[in-house]
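Peer 1: Here you go, one structure.
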Amino acid sequence: MSGRGVWLRARARLRRFPALLAGCGEQAAAYGRCVAAASAGSAELRRDVCLREFRALRECCAKEVGPVRQQRRWQQSDGGEVMEVK
């Protein structure tokens with residue numbers, strides 16, 4: 001496996017990130033506001049201060065990425081048969 005191929009795949013994934021994140025604008029803005037407020041002035045940002053907002057953003061991103069990832073996954077149907085999801 002070449003190192004170049006790894007970087008090309010990583011860049012391809014990063015190029016898709018803005019489009020995937022576009023559906024999570026509200027959650028991203030809420031997380032950004034929380035981080036900005038928590039670190040305003042001389043205050044130091046502490047761990048888990050914006051955990052609720054981060055989890056909402058993470059969940060939204062997972063939902064946005066989910067359909068992309070599931071294009072090639074296999075799922076078991078209700079009848080016990082294995083079928084490809086497209």
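Identifiers in the structure tokens: chain A, B, ... in order shown; residue index from 1 per chain; ligand index from 1 in order shown.
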Mind checking which residues fall within 10 Å of range 24-31 of chain A, counting only C-alpha atoms, ignoring those fewer than 4 positions away in the same chain, and posting them as an mmCIF file with all heavy atoms, in the first residue's frame?
Peer 2:
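The resulting file, result-v6.cif, is shown below:
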```cif
data_model
loop_
_atom_site.group_PDB
_atom_site.id
_atom_site.type_symbol
_atom_site.label_atom_id
_atom_site.label_comp_id
_atom_site.auth_asym_id
_atom_site.auth_seq_id
_atom_site.Cartn_x
_atom_site.Cartn_y
_atom_site.Cartn_z
ATOM 1 N N PRO A 18 -17.434 19.572 4.195
ATOM 2 C CA PRO A 18 -18.314 20.751 4.220
ATOM 3 C C PRO A 18 -19.736 20.454 3.757
ATOM 4 O O PRO A 18 -20.698 20.960 4.333
ATOM 5 C CB PRO A 18 -17.622 21.742 3.278
ATOM 6 C CG PRO A 18 -16.196 21.328 3.288
ATOM 7 C CD PRO A 18 -16.217 19.829 3.439
ATOM 8 N N ALA A 19 -19.876 19.630 2.728
ATOM 9 C CA ALA A 19 -21.217 19.293 2.239
ATOM 10 C C ALA A 19 -21.990 18.488 3.283
ATOM 11 O O ALA A 19 -23.194 18.689 3.475
ATOM 12 C CB ALA A 19 -21.117 18.514 0.934
ATOM 13 N N LEU A 20 -21.306 17.590 3.960
ATOM 14 C CA LEU A 20 -21.969 16.789 4.982
ATOM 15 C C LEU A 20 -22.334 17.636 6.197
ATOM 16 O O LEU A 20 -23.377 17.455 6.807
ATOM 17 C CB LEU A 20 -21.072 15.627 5.414
ATOM 18 C CG LEU A 20 -20.790 14.580 4.340
ATOM 19 C CD1 LEU A 20 -19.742 13.605 4.819
ATOM 20 C CD2 LEU A 20 -22.061 13.860 3.945
ATOM 21 N N VAL A 35 -18.790 27.336 22.907
ATOM 22 C CA VAL A 35 -17.338 27.382 23.080
ATOM 23 C C VAL A 35 -16.870 28.826 23.209
ATOM 24 O O VAL A 35 -16.042 29.149 24.068
ATOM 25 C CB VAL A 35 -16.624 26.667 21.915
ATOM 26 C CG1 VAL A 35 -15.130 26.940 21.927
ATOM 27 C CG2 VAL A 35 -16.894 25.169 21.965
ATOM 28 N N ALA A 36 -17.416 29.709 22.384
ATOM 29 C CA ALA A 36 -17.028 31.119 22.446
ATOM 30 C C ALA A 36 -17.407 31.732 23.793
ATOM 31 O O ALA A 36 -16.625 32.478 24.392
ATOM 32 C CB ALA A 36 -17.685 31.899 21.308
ATOM 33 N N ALA A 37 -18.595 31.415 24.282
ATOM 34 C CA ALA A 37 -19.038 31.962 25.564
ATOM 35 C C ALA A 37 -18.226 31.384 26.718
ATOM 36 O O ALA A 37 -17.890 32.098 27.671
ATOM 37 C CB ALA A 37 -20.522 31.669 25.772
ATOM 38 N N CYS A 50 -19.353 22.222 27.086
ATOM 39 C CA CYS A 50 -20.285 22.259 25.952
ATOM 40 C C CYS A 50 -20.616 20.848 25.463
ATOM 41 O O CYS A 50 -20.849 20.627 24.272
ATOM 42 C CB CYS A 50 -19.684 23.091 24.822
ATOM 43 S SG CYS A 50 -19.330 24.786 25.297
ATOM 44 N N LEU A 51 -20.641 19.913 26.371
ATOM 45 C CA LEU A 51 -20.848 18.515 26.013
ATOM 46 C C LEU A 51 -22.199 18.280 25.336
ATOM 47 O O LEU A 51 -22.280 17.566 24.337
ATOM 48 C CB LEU A 51 -20.717 17.621 27.248
ATOM 49 C CG LEU A 51 -20.804 16.121 27.004
ATOM 50 C CD1 LEU A 51 -19.691 15.666 26.067
ATOM 51 C CD2 LEU A 51 -20.732 15.372 28.318
ATOM 52 N N ARG A 52 -23.238 18.905 25.848
ATOM 53 C CA ARG A 52 -24.576 18.715 25.270
ATOM 54 C C ARG A 52 -24.609 19.195 23.817
ATOM 55 O O ARG A 52 -25.123 18.501 22.935
ATOM 56 C CB ARG A 52 -25.619 19.450 26.098
ATOM 57 C CG ARG A 52 -27.033 19.238 25.604
ATOM 58 C CD ARG A 52 -28.010 20.013 26.407
ATOM 59 N NE ARG A 52 -27.633 21.425 26.340
ATOM 60 C CZ ARG A 52 -28.135 22.374 27.094
ATOM 61 N NH1 ARG A 52 -29.035 22.083 27.996
ATOM 62 N NH2 ARG A 52 -27.763 23.615 26.955
ATOM 63 N N GLU A 53 -24.024 20.353 23.543
ATOM 64 C CA GLU A 53 -23.981 20.901 22.189
ATOM 65 C C GLU A 53 -23.101 20.053 21.282
ATOM 66 O O GLU A 53 -23.419 19.826 20.121
ATOM 67 C CB GLU A 53 -23.480 22.345 22.208
ATOM 68 C CG GLU A 53 -24.440 23.320 22.849
ATOM 69 C CD GLU A 53 -24.332 23.379 24.371
ATOM 70 O OE1 GLU A 53 -23.551 22.591 24.969
ATOM 71 O OE2 GLU A 53 -25.048 24.199 24.972
ATOM 72 N N PHE A 54 -21.981 19.571 21.831
ATOM 73 C CA PHE A 54 -21.089 18.715 21.045
ATOM 74 C C PHE A 54 -21.773 17.416 20.662
ATOM 75 O O PHE A 54 -21.674 16.960 19.520
ATOM 76 C CB PHE A 54 -19.804 18.422 21.816
ATOM 77 C CG PHE A 54 -18.911 17.454 21.095
ATOM 78 C CD1 PHE A 54 -18.157 17.873 20.008
ATOM 79 C CD2 PHE A 54 -18.840 16.135 21.491
ATOM 80 C CE1 PHE A 54 -17.345 16.990 19.327
ATOM 81 C CE2 PHE A 54 -18.030 15.243 20.814
ATOM 82 C CZ PHE A 54 -17.277 15.666 19.730
ATOM 83 N N ARG A 55 -22.478 16.826 21.607
ATOM 84 C CA ARG A 55 -23.178 15.565 21.308
ATOM 85 C C ARG A 55 -24.257 15.765 20.256
ATOM 86 O O ARG A 55 -24.455 14.904 19.395
ATOM 87 C CB ARG A 55 -23.775 14.980 22.580
ATOM 88 C CG ARG A 55 -22.736 14.345 23.457
ATOM 89 C CD ARG A 55 -23.348 13.659 24.639
ATOM 90 N NE ARG A 55 -22.308 12.964 25.398
ATOM 91 C CZ ARG A 55 -22.433 12.617 26.656
ATOM 92 N NH1 ARG A 55 -23.551 12.873 27.310
ATOM 93 N NH2 ARG A 55 -21.452 11.995 27.275
ATOM 94 N N ALA A 56 -24.958 16.880 20.308
ATOM 95 C CA ALA A 56 -25.973 17.169 19.293
ATOM 96 C C ALA A 56 -25.321 17.310 17.915
ATOM 97 O O ALA A 56 -25.833 16.787 16.918
ATOM 98 C CB ALA A 56 -26.736 18.435 19.650
ATOM 99 N N LEU A 57 -24.176 17.990 17.854
ATOM 100 C CA LEU A 57 -23.460 18.150 16.590
ATOM 101 C C LEU A 57 -22.941 16.807 16.096
ATOM 102 O O LEU A 57 -23.058 16.475 14.910
ATOM 103 C CB LEU A 57 -22.306 19.140 16.756
ATOM 104 C CG LEU A 57 -21.429 19.365 15.535
ATOM 105 C CD1 LEU A 57 -22.251 19.867 14.345
ATOM 106 C CD2 LEU A 57 -20.316 20.344 15.865
ATOM 107 N N ARG A 58 -22.382 16.006 16.985
ATOM 108 C CA ARG A 58 -21.862 14.693 16.610
ATOM 109 C C ARG A 58 -22.979 13.784 16.083
ATOM 110 O O ARG A 58 -22.816 13.077 15.091
ATOM 111 C CB ARG A 58 -21.171 14.044 17.811
ATOM 112 C CG ARG A 58 -20.515 12.712 17.470
ATOM 113 C CD ARG A 58 -19.851 12.114 18.656
ATOM 114 N NE ARG A 58 -20.844 11.820 19.676
ATOM 115 C CZ ARG A 58 -20.563 11.331 20.868
ATOM 116 N NH1 ARG A 58 -19.326 11.122 21.227
ATOM 117 N NH2 ARG A 58 -21.520 11.072 21.721
ATOM 118 N N GLU A 59 -24.121 13.819 16.751
ATOM 119 C CA GLU A 59 -25.259 12.997 16.325
ATOM 120 C C GLU A 59 -25.750 13.430 14.942
ATOM 121 O O GLU A 59 -26.050 12.599 14.086
ATOM 122 C CB GLU A 59 -26.383 13.115 17.345
ATOM 123 C CG GLU A 59 -27.560 12.217 17.075
ATOM 124 C CD GLU A 59 -28.591 12.323 18.184
ATOM 125 O OE1 GLU A 59 -28.210 12.219 19.367
ATOM 126 O OE2 GLU A 59 -29.775 12.510 17.854
ATOM 127 N N CYS A 60 -25.822 14.731 14.724
ATOM 128 C CA CYS A 60 -26.246 15.239 13.420
ATOM 129 C C CYS A 60 -25.262 14.821 12.336
ATOM 130 O O CYS A 60 -25.663 14.377 11.264
ATOM 131 C CB CYS A 60 -26.382 16.760 13.473
ATOM 132 S SG CYS A 60 -26.904 17.467 11.903
ATOM 133 N N CYS A 61 -23.972 14.957 12.606
ATOM 134 C CA CYS A 61 -22.953 14.568 11.619
ATOM 135 C C CYS A 61 -23.052 13.083 11.307
ATOM 136 O O CYS A 61 -22.923 12.679 10.154
ATOM 137 C CB CYS A 61 -21.562 14.912 12.120
ATOM 138 S SG CYS A 61 -21.202 16.667 12.100
ATOM 139 N N LYS A 63 -25.713 11.276 11.424
ATOM 140 C CA LYS A 63 -26.894 11.076 10.573
ATOM 141 C C LYS A 63 -26.616 11.497 9.142
ATOM 142 O O LYS A 63 -27.077 10.861 8.197
ATOM 143 C CB LYS A 63 -28.085 11.867 11.117
ATOM 144 C CG LYS A 63 -28.684 11.270 12.351
ATOM 145 C CD LYS A 63 -29.835 12.113 12.849
ATOM 146 C CE LYS A 63 -30.381 11.576 14.152
ATOM 147 N NZ LYS A 63 -31.436 12.422 14.700
ATOM 148 N N GLU A 64 -25.862 12.578 8.964
ATOM 149 C CA GLU A 64 -25.540 13.058 7.622
ATOM 150 C C GLU A 64 -24.592 12.104 6.903
ATOM 151 O O GLU A 64 -24.713 11.888 5.711
ATOM 152 C CB GLU A 64 -24.924 14.456 7.680
ATOM 153 C CG GLU A 64 -25.887 15.536 8.090
ATOM 154 C CD GLU A 64 -26.974 15.779 7.069
ATOM 155 O OE1 GLU A 64 -26.671 15.794 5.870
ATOM 156 O OE2 GLU A 64 -28.131 15.948 7.477
#
```
